[in-house]
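Colleague: Below you'll find the structure I mean.
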Amino acid sequence: MKKYISPGSWFAFEYPDKWNEFEDTEDSFLFYNPDKWDGNFRISAYRGQNCRYAEEAVEYELKNTSGARRVKVGKWPCAYSAENFQENGVRYTSHIWVTGKDDVCVECSFVVPEGESPKTAEMIVASLQVRGTADKLWGKVMIPVRVMEISRINEGYDWAVSAIKKQLAKDFTSGKADVVNIQKMIDGGQFNSGQRQVWEDFGIAFATILVNEMDGMNWVTVVDGQKEYPALRFNDTDVAVFPTRLIWDKVRNGLPCNLSKEYDRIRKEAEATLE
């Protein structure tokens with residue numbers, strides 16, 4: 001199972017290792033197995049104005065949704081309902097659970113072919129954690145990279161590639177040879193030390209090289225209190241790289257930044273975990 005923590009740390013849950021998150025509508029988070037589809041799981045959360053909002057939402061669902069009934073999934077009291085529908089000649093069932101804690105209501109749905117079991121979704125709902133009114137933020141943790149951070153990574157990468165193409169007339173292939181081109185951008189004087197976004201984006205471009213050149217280096221999302229940002233982690237080890245800080249921290253403090261040395265240092269740290 002993998003762990004997911006929502007943006008803002010409103011809720012967290014565990015989901016099957018072979019599933020991934022995919023882009024969905026605003027304020028809704030979609031998960032499924034891209035290799036062998038066995039259902040779409042969606043989850044949304046809403047914050048109310050009082051500490052009984054979740055309880056009131058469950059009661060409202062029970063009273064106003066045809067066929068809704070009260071169930072308990074893990075520790076969570078839920079309003080559960082199901083509805084059948086047809087799409088492209090195939091019949092499906094949408095299983096829906098409404099639950100929550102204090103001022104946070106959570107709605108989960110699981111769409112499967114009609115007659116298929118909702119057990120996988122029930123396991124996810126049972127693993128749910130909701131941060132209520134008086135609950136503190138969770139501590140620092142790394143989770144599989146979220147769609148939100150993938151968007152940030154793509155935007156930063158695209159900008160850096162465009163800047164390198166414009167300034168150096170060089171194509172960026174995310175190979176080790178491109179470390180030299182990023183270094184030229186750092187040393188070239190085109191950008192000042194206060195342009196944080198610039199240095200973060202070059203850090204992201206450097207990170208794509210690490211991912212391509214080092215098997216086992218993968219993007220993750222770091223959730224640390226109110227801070228949430230993309231990072232790299234080598235397999236399940238303690239070797240981590242923080243691309244948005246790697247170059248920026250040095251530039252803003254007037255320190256030299258040698259990306260070739262950083263590359264070699266990171267590779268050695270990763271290789272040491274394999275010995």
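The way I read the labels, and the way they are meant: chains A, B, ... in the order of the structure tokens, residue 1 as the first residue of every chain, and ligand 1 as the first ligand shown, with later ones counted on from there.
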So that I can see what lies close to Val145 (chain A), please list as a PDB file with N, CA, C and O atoms, in the first residue's frame the residues with an atom at most 6 Å from it, counting only C-alpha atoms and leaving out residues fewer than 4 positions away in the same chain.
Modeller:
```
ATOM      1  N   TRP A 219      10.729  10.751  -8.261  1.00  0.00           N
ATOM      2  CA  TRP A 219      10.070  11.921  -7.705  1.00  0.00           C
ATOM      3  C   TRP A 219       9.151  11.516  -6.561  1.00  0.00           C
ATOM      4  O   TRP A 219       8.476  10.489  -6.627  1.00  0.00           O
ATOM      5  N   VAL A 220       9.127  12.328  -5.533  1.00  0.00           N
ATOM      6  CA  VAL A 220       8.204  12.167  -4.403  1.00  0.00           C
ATOM      7  C   VAL A 220       7.671  13.555  -4.042  1.00  0.00           C
ATOM      8  O   VAL A 220       8.154  14.572  -4.527  1.00  0.00           O
ATOM      9  N   THR A 221       6.668  13.550  -3.189  1.00  0.00           N
ATOM     10  CA  THR A 221       6.183  14.796  -2.603  1.00  0.00           C
ATOM     11  C   THR A 221       6.551  14.803  -1.130  1.00  0.00           C
ATOM     12  O   THR A 221       6.331  13.806  -0.432  1.00  0.00           O
TER      13      THR A 221
END
```
Colleague: Env of Asn218 (chain A): 8 Å cut, atoms = only C-alpha atoms, seq-sep filter 2 positions within chain, self excluded. Answer as a JSON list (two decimals) with N, CA and C atoms, in the first residue's frame.
Modeller:
```json
[["chain", "number", "residue", "atom", "x", "y", "z"],
["A", 211, "VAL", "N", 17.06, 11.61, -12.35],
["A", 211, "VAL", "CA", 16.05, 10.56, -12.53],
["A", 211, "VAL", "C", 16.39, 9.71, -13.75],
["A", 216, "GLY", "N", 16.30, 3.98, -9.86],
["A", 216, "GLY", "CA", 15.89, 3.99, -8.46],
["A", 216, "GLY", "C", 15.66, 5.37, -7.90],
["A", 220, "VAL", "N", 9.13, 12.33, -5.53],
["A", 220, "VAL", "CA", 8.20, 12.17, -4.40],
["A", 220, "VAL", "C", 7.67, 13.55, -4.04],
["A", 232, "LEU", "N", 13.34, 14.31, -4.69],
["A", 232, "LEU", "CA", 13.74, 13.00, -5.21],
["A", 232, "LEU", "C", 14.12, 12.11, -4.04],
["A", 233, "ARG", "N", 13.84, 10.83, -4.22],
["A", 233, "ARG", "CA", 14.27, 9.85, -3.22],
["A", 233, "ARG", "C", 14.81, 8.62, -3.95],
["A", 234, "PHE", "N", 15.93, 8.11, -3.44],
["A", 234, "PHE", "CA", 16.53, 6.93, -4.07],
["A", 234, "PHE", "C", 15.96, 5.67, -3.42],
["A", 235, "ASN", "N", 15.19, 4.90, -4.21],
["A", 235, "ASN", "CA", 14.50, 3.72, -3.71],
["A", 235, "ASN", "C", 13.79, 4.06, -2.40]]
```
Colleague: For region 45-53 of chain A, list every protein, DNA or RNA residue within 10 Å, evaluated using only C-alpha atoms, and leave out those in the same chain fewer than 4 positions away; present the list as a PyMOL selection string.
Modeller: chain A and resi 6+10-11+27-29+57-59+98-108+130+132-134
Colleague: How would the residues just chosen look if you wrote them out with N, CA, C and O atoms as an mmCIF file, in the first residue's frame?
Modeller:
```cif
data_model
loop_
_atom_site.group_PDB
_atom_site.id
_atom_site.type_symbol
_atom_site.label_atom_id
_atom_site.label_comp_id
_atom_site.auth_asym_id
_atom_site.auth_seq_id
_atom_site.Cartn_x
_atom_site.Cartn_y
_atom_site.Cartn_z
ATOM 1 N N SER A 6 -3.497 14.681 1.310
ATOM 2 C CA SER A 6 -4.100 15.682 0.444
ATOM 3 C C SER A 6 -3.384 17.019 0.563
ATOM 4 O O SER A 6 -2.759 17.314 1.591
ATOM 5 N N TRP A 10 -5.600 17.937 4.757
ATOM 6 C CA TRP A 10 -6.940 17.747 5.320
ATOM 7 C C TRP A 10 -7.182 16.283 5.660
ATOM 8 O O TRP A 10 -7.821 15.968 6.649
ATOM 9 N N PHE A 11 -6.684 15.397 4.798
ATOM 10 C CA PHE A 11 -6.907 13.968 5.016
ATOM 11 C C PHE A 11 -5.751 13.172 4.433
ATOM 12 O O PHE A 11 -4.955 13.670 3.637
ATOM 13 N N ASP A 27 -10.686 19.965 -6.861
ATOM 14 C CA ASP A 27 -11.071 19.518 -5.517
ATOM 15 C C ASP A 27 -11.487 18.047 -5.465
ATOM 16 O O ASP A 27 -12.059 17.593 -4.468
ATOM 17 N N SER A 28 -11.186 17.291 -6.528
ATOM 18 C CA SER A 28 -11.448 15.856 -6.516
ATOM 19 C C SER A 28 -10.165 15.138 -6.901
ATOM 20 O O SER A 28 -9.441 15.582 -7.794
ATOM 21 N N PHE A 29 -9.875 14.029 -6.230
ATOM 22 C CA PHE A 29 -8.623 13.319 -6.437
ATOM 23 C C PHE A 29 -8.943 11.898 -6.914
ATOM 24 O O PHE A 29 -9.706 11.178 -6.266
ATOM 25 N N ALA A 57 -23.429 16.285 7.538
ATOM 26 C CA ALA A 57 -23.366 15.861 6.142
ATOM 27 C C ALA A 57 -23.794 14.408 5.991
ATOM 28 O O ALA A 57 -24.493 14.040 5.035
ATOM 29 N N VAL A 58 -23.374 13.566 6.933
ATOM 30 C CA VAL A 58 -23.781 12.160 6.908
ATOM 31 C C VAL A 58 -25.298 12.044 7.076
ATOM 32 O O VAL A 58 -25.972 11.307 6.334
ATOM 33 N N GLU A 59 -25.854 12.781 8.022
ATOM 34 C CA GLU A 59 -27.297 12.741 8.254
ATOM 35 C C GLU A 59 -28.067 13.246 7.043
ATOM 36 O O GLU A 59 -29.108 12.691 6.677
ATOM 37 N N VAL A 98 -20.044 8.678 2.457
ATOM 38 C CA VAL A 98 -19.896 10.027 3.000
ATOM 39 C C VAL A 98 -19.578 9.892 4.479
ATOM 40 O O VAL A 98 -20.309 9.225 5.227
ATOM 41 N N THR A 99 -18.475 10.481 4.901
ATOM 42 C CA THR A 99 -18.062 10.381 6.296
ATOM 43 C C THR A 99 -17.271 11.642 6.646
ATOM 44 O O THR A 99 -17.361 12.651 5.959
ATOM 45 N N GLY A 100 -16.481 11.599 7.695
ATOM 46 C CA GLY A 100 -15.664 12.753 8.047
ATOM 47 C C GLY A 100 -15.468 12.889 9.538
ATOM 48 O O GLY A 100 -15.837 12.016 10.331
ATOM 49 N N LYS A 101 -14.895 14.021 9.911
ATOM 50 C CA LYS A 101 -14.581 14.286 11.309
ATOM 51 C C LYS A 101 -14.672 15.783 11.574
ATOM 52 O O LYS A 101 -14.143 16.593 10.804
ATOM 53 N N ASP A 102 -15.341 16.142 12.649
ATOM 54 C CA ASP A 102 -15.463 17.547 13.054
ATOM 55 C C ASP A 102 -15.978 18.398 11.888
ATOM 56 O O ASP A 102 -17.052 18.148 11.382
ATOM 57 N N ASP A 103 -15.174 19.378 11.441
ATOM 58 C CA ASP A 103 -15.640 20.289 10.392
ATOM 59 C C ASP A 103 -15.232 19.865 8.985
ATOM 60 O O ASP A 103 -15.394 20.625 8.034
ATOM 61 N N VAL A 104 -14.715 18.628 8.825
ATOM 62 C CA VAL A 104 -14.298 18.137 7.509
ATOM 63 C C VAL A 104 -15.148 16.944 7.085
ATOM 64 O O VAL A 104 -15.142 15.902 7.746
ATOM 65 N N CYS A 105 -15.889 17.122 6.006
ATOM 66 C CA CYS A 105 -16.667 16.026 5.422
ATOM 67 C C CYS A 105 -15.889 15.443 4.255
ATOM 68 O O CYS A 105 -15.305 16.178 3.451
ATOM 69 N N VAL A 106 -15.861 14.117 4.165
ATOM 70 C CA VAL A 106 -15.146 13.428 3.092
ATOM 71 C C VAL A 106 -16.126 12.565 2.307
ATOM 72 O O VAL A 106 -16.903 11.810 2.891
ATOM 73 N N GLU A 107 -16.093 12.693 1.002
ATOM 74 C CA GLU A 107 -16.939 11.870 0.133
ATOM 75 C C GLU A 107 -16.048 11.016 -0.753
ATOM 76 O O GLU A 107 -15.163 11.522 -1.451
ATOM 77 N N CYS A 108 -16.269 9.695 -0.718
ATOM 78 C CA CYS A 108 -15.496 8.750 -1.521
ATOM 79 C C CYS A 108 -16.433 8.019 -2.473
ATOM 80 O O CYS A 108 -17.551 7.666 -2.094
ATOM 81 N N VAL A 130 -8.435 11.805 9.031
ATOM 82 C CA VAL A 130 -8.956 13.149 8.781
ATOM 83 C C VAL A 130 -8.436 14.064 9.881
ATOM 84 O O VAL A 130 -8.508 13.733 11.061
ATOM 85 N N GLY A 132 -8.979 16.846 12.094
ATOM 86 C CA GLY A 132 -10.102 17.593 12.630
ATOM 87 C C GLY A 132 -9.720 18.962 13.155
ATOM 88 O O GLY A 132 -8.567 19.399 13.058
ATOM 89 N N THR A 133 -10.688 19.607 13.754
ATOM 90 C CA THR A 133 -10.532 20.988 14.215
ATOM 91 C C THR A 133 -9.334 21.172 15.139
ATOM 92 O O THR A 133 -8.576 22.139 15.006
ATOM 93 N N ALA A 134 -9.153 20.267 16.076
ATOM 94 C CA ALA A 134 -8.107 20.437 17.089
ATOM 95 C C ALA A 134 -6.837 19.654 16.779
ATOM 96 O O ALA A 134 -5.881 19.692 17.552
#
```
Colleague: Near Ala68 (chain A), counting only C-alpha atoms, which residues have an atom at most 8 Å away, once you skip same-chain residues fewer than 2 positions from it, shown as a list in words?
Modeller: Glu61, Leu62, Lys63, Thr65, Ser66, Arg70, Ala79, Tyr80, Ser81 and Ala82 of chain A
Colleague: Assign secondary structure with DSSP using the backbone only, and return the residues of region 132-247 of chain A in helix (DSSP H, G or I) as an MDAnalysis selection string.
Modeller: chainID A and resid 147:168 178:187 196:213 243:246
Colleague: Could you save those same residues with C-alpha atoms as a compact mmCIF listing (two decimals), in the first residue's frame?
Modeller:
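Contents of out20.txt, as written:
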```txt
# COMPACT_ATOMS: atom_id res chain seq x y z
CA VAL A 147 -0.50 15.39 -9.47
CA MET A 148 -0.10 18.87 -7.95
CA GLU A 149 3.69 18.51 -7.71
CA ILE A 150 3.89 16.88 -11.16
CA SER A 151 2.38 20.07 -12.57
CA ARG A 152 4.98 22.13 -10.73
CA ILE A 153 7.77 19.86 -12.00
CA ASN A 154 6.55 20.07 -15.60
CA GLU A 155 6.20 23.85 -15.49
CA GLY A 156 9.68 24.30 -14.02
CA TYR A 157 11.25 21.86 -16.46
CA ASP A 158 9.60 23.47 -19.48
CA TRP A 159 10.77 26.94 -18.45
CA ALA A 160 14.36 25.80 -17.84
CA VAL A 161 14.52 23.95 -21.17
CA SER A 162 13.17 27.03 -22.97
CA ALA A 163 15.69 29.32 -21.24
CA ILE A 164 18.63 27.04 -22.12
CA LYS A 165 17.45 26.82 -25.73
CA LYS A 166 17.14 30.61 -25.94
CA GLN A 167 20.39 31.54 -24.20
CA LEU A 168 22.71 28.75 -25.33
CA ASP A 178 23.20 18.73 -19.82
CA VAL A 179 24.66 19.36 -16.36
CA VAL A 180 27.23 21.56 -18.11
CA ASN A 181 24.49 23.60 -19.79
CA ILE A 182 22.66 24.27 -16.52
CA GLN A 183 26.01 25.27 -14.99
CA LYS A 184 26.50 27.80 -17.79
CA MET A 185 23.11 29.30 -16.99
CA ILE A 186 24.06 29.58 -13.31
CA ASP A 187 27.41 31.21 -14.08
CA ARG A 196 13.97 32.41 -6.73
CA GLN A 197 11.68 30.84 -9.35
CA VAL A 198 14.53 30.79 -11.87
CA TRP A 199 16.88 28.89 -9.58
CA GLU A 200 14.17 26.49 -8.45
CA ASP A 201 13.35 25.71 -12.08
CA PHE A 202 17.00 25.02 -12.94
CA GLY A 203 17.06 22.74 -9.89
CA ILE A 204 14.10 20.83 -11.28
CA ALA A 205 15.85 20.48 -14.64
CA PHE A 206 18.94 19.12 -12.83
CA ALA A 207 16.71 16.65 -10.98
CA THR A 208 15.32 15.26 -14.25
CA ILE A 209 18.88 14.36 -15.18
CA LEU A 210 19.30 12.47 -11.90
CA VAL A 211 16.05 10.56 -12.53
CA ASN A 212 17.12 9.61 -16.06
CA GLU A 213 20.68 8.66 -15.16
CA PRO A 243 15.71 20.29 -6.27
CA THR A 244 13.87 23.53 -5.51
CA ARG A 245 16.43 24.27 -2.79
CA LEU A 246 19.59 22.75 -4.24
```
Colleague: As a ChimeraX atom specification, please: the residues near Phe41 (chain A) (cut-off 9 Å, only C-alpha atoms, same-chain neighbours under 6 positions excluded).
Modeller: /A:29-32,108-111,121
Colleague: Just N, CA and C atoms for this one: save the residues we selected as a compact mmCIF listing (two decimals), in the first residue's frame.
Modeller:
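The resulting again.txt:
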```txt
# COMPACT_ATOMS: atom_id res chain seq x y z
N PHE A 29 -9.88 14.03 -6.23
CA PHE A 29 -8.62 13.32 -6.44
C PHE A 29 -8.94 11.90 -6.91
N LEU A 30 -8.36 11.52 -8.05
CA LEU A 30 -8.71 10.28 -8.74
C LEU A 30 -7.54 9.30 -8.70
N PHE A 31 -7.85 8.02 -8.42
CA PHE A 31 -6.83 6.96 -8.33
C PHE A 31 -7.34 5.71 -9.03
N TYR A 32 -6.42 5.04 -9.77
CA TYR A 32 -6.75 3.73 -10.34
C TYR A 32 -5.47 3.06 -10.82
N CYS A 108 -16.27 9.70 -0.72
CA CYS A 108 -15.50 8.75 -1.52
C CYS A 108 -16.43 8.02 -2.47
N SER A 109 -15.96 7.78 -3.68
CA SER A 109 -16.75 6.99 -4.62
C SER A 109 -15.84 5.98 -5.31
N PHE A 110 -16.43 4.85 -5.68
CA PHE A 110 -15.68 3.78 -6.33
C PHE A 110 -16.54 3.23 -7.45
N VAL A 111 -16.10 3.43 -8.70
CA VAL A 111 -16.84 2.96 -9.87
C VAL A 111 -16.20 1.69 -10.38
N ALA A 121 -12.06 -0.45 -2.28
CA ALA A 121 -12.39 0.90 -1.81
C ALA A 121 -12.68 0.91 -0.32
```
Colleague: When you look at Asn33 (chain A) with a cut-off of 7 Å (counting only C-alpha atoms), what residues show up, excluding the ones that are within fewer than 5 positions of it in the same chain? I need them as an MDAnalysis selection string.
Modeller: chainID A and resid 18:20 38
Colleague: Skipping near chain neighbours, those fewer than 3 positions away, what residues fall within 8 Å of Arg252 (chain A) using only C-alpha atoms, listed as a PDB file with C-alpha atoms, in the first residue's frame?
Modeller:
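Saved the output as around07.pdb:
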```pdb
ATOM      1  CA  SER A 193      20.306  36.146  -7.024  1.00  0.00           C
ATOM      2  CA  GLY A 194      16.813  37.202  -5.982  1.00  0.00           C
ATOM      3  CA  TRP A 248      18.477  28.417  -4.842  1.00  0.00           C
ATOM      4  CA  ASP A 249      19.926  28.017  -1.346  1.00  0.00           C
ATOM      5  CA  LEU A 255      27.831  30.446  -2.273  1.00  0.00           C
TER       6      LEU A 255
END
```
Colleague: Out of A:Glu21, A:Pro7, A:Asp264, A:Pro118, which residue has the shortest atom-to-atom distance to Tyr229 (chain A) when counting only C-alpha atoms?
Modeller: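 Closest residue, counting only C-alpha atoms: A:Pro7.
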Colleague: Enumerate, as a ChimeraX atom specification, the complete set of residues in region 1-144 of chain A that a backbone-based DSSP assignment places in strand (DSSP E or B).
Modeller: /A:2-5,11-15,20-22,29-32,40-47,69-73,76-87,90-101,104-113,129-130,141-144
Colleague: Could you check the closest approach to Pro16 (chain A) for each of A:Phe85, A:Trp76, A:Tyr4, A:Tyr92 and tell me which residue wins, using only C-alpha atoms?
Modeller: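 Result for the nearest residue to Pro16 (chain A): A:Tyr4.
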Colleague: Tell me, in Å to one decimal, how far CA of Arg131 (chain A) is from CA of Glu228 (chain A).
Modeller: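 Separation of CA of Arg131 (chain A) and CA of Glu228 (chain A): 16.3 Å.
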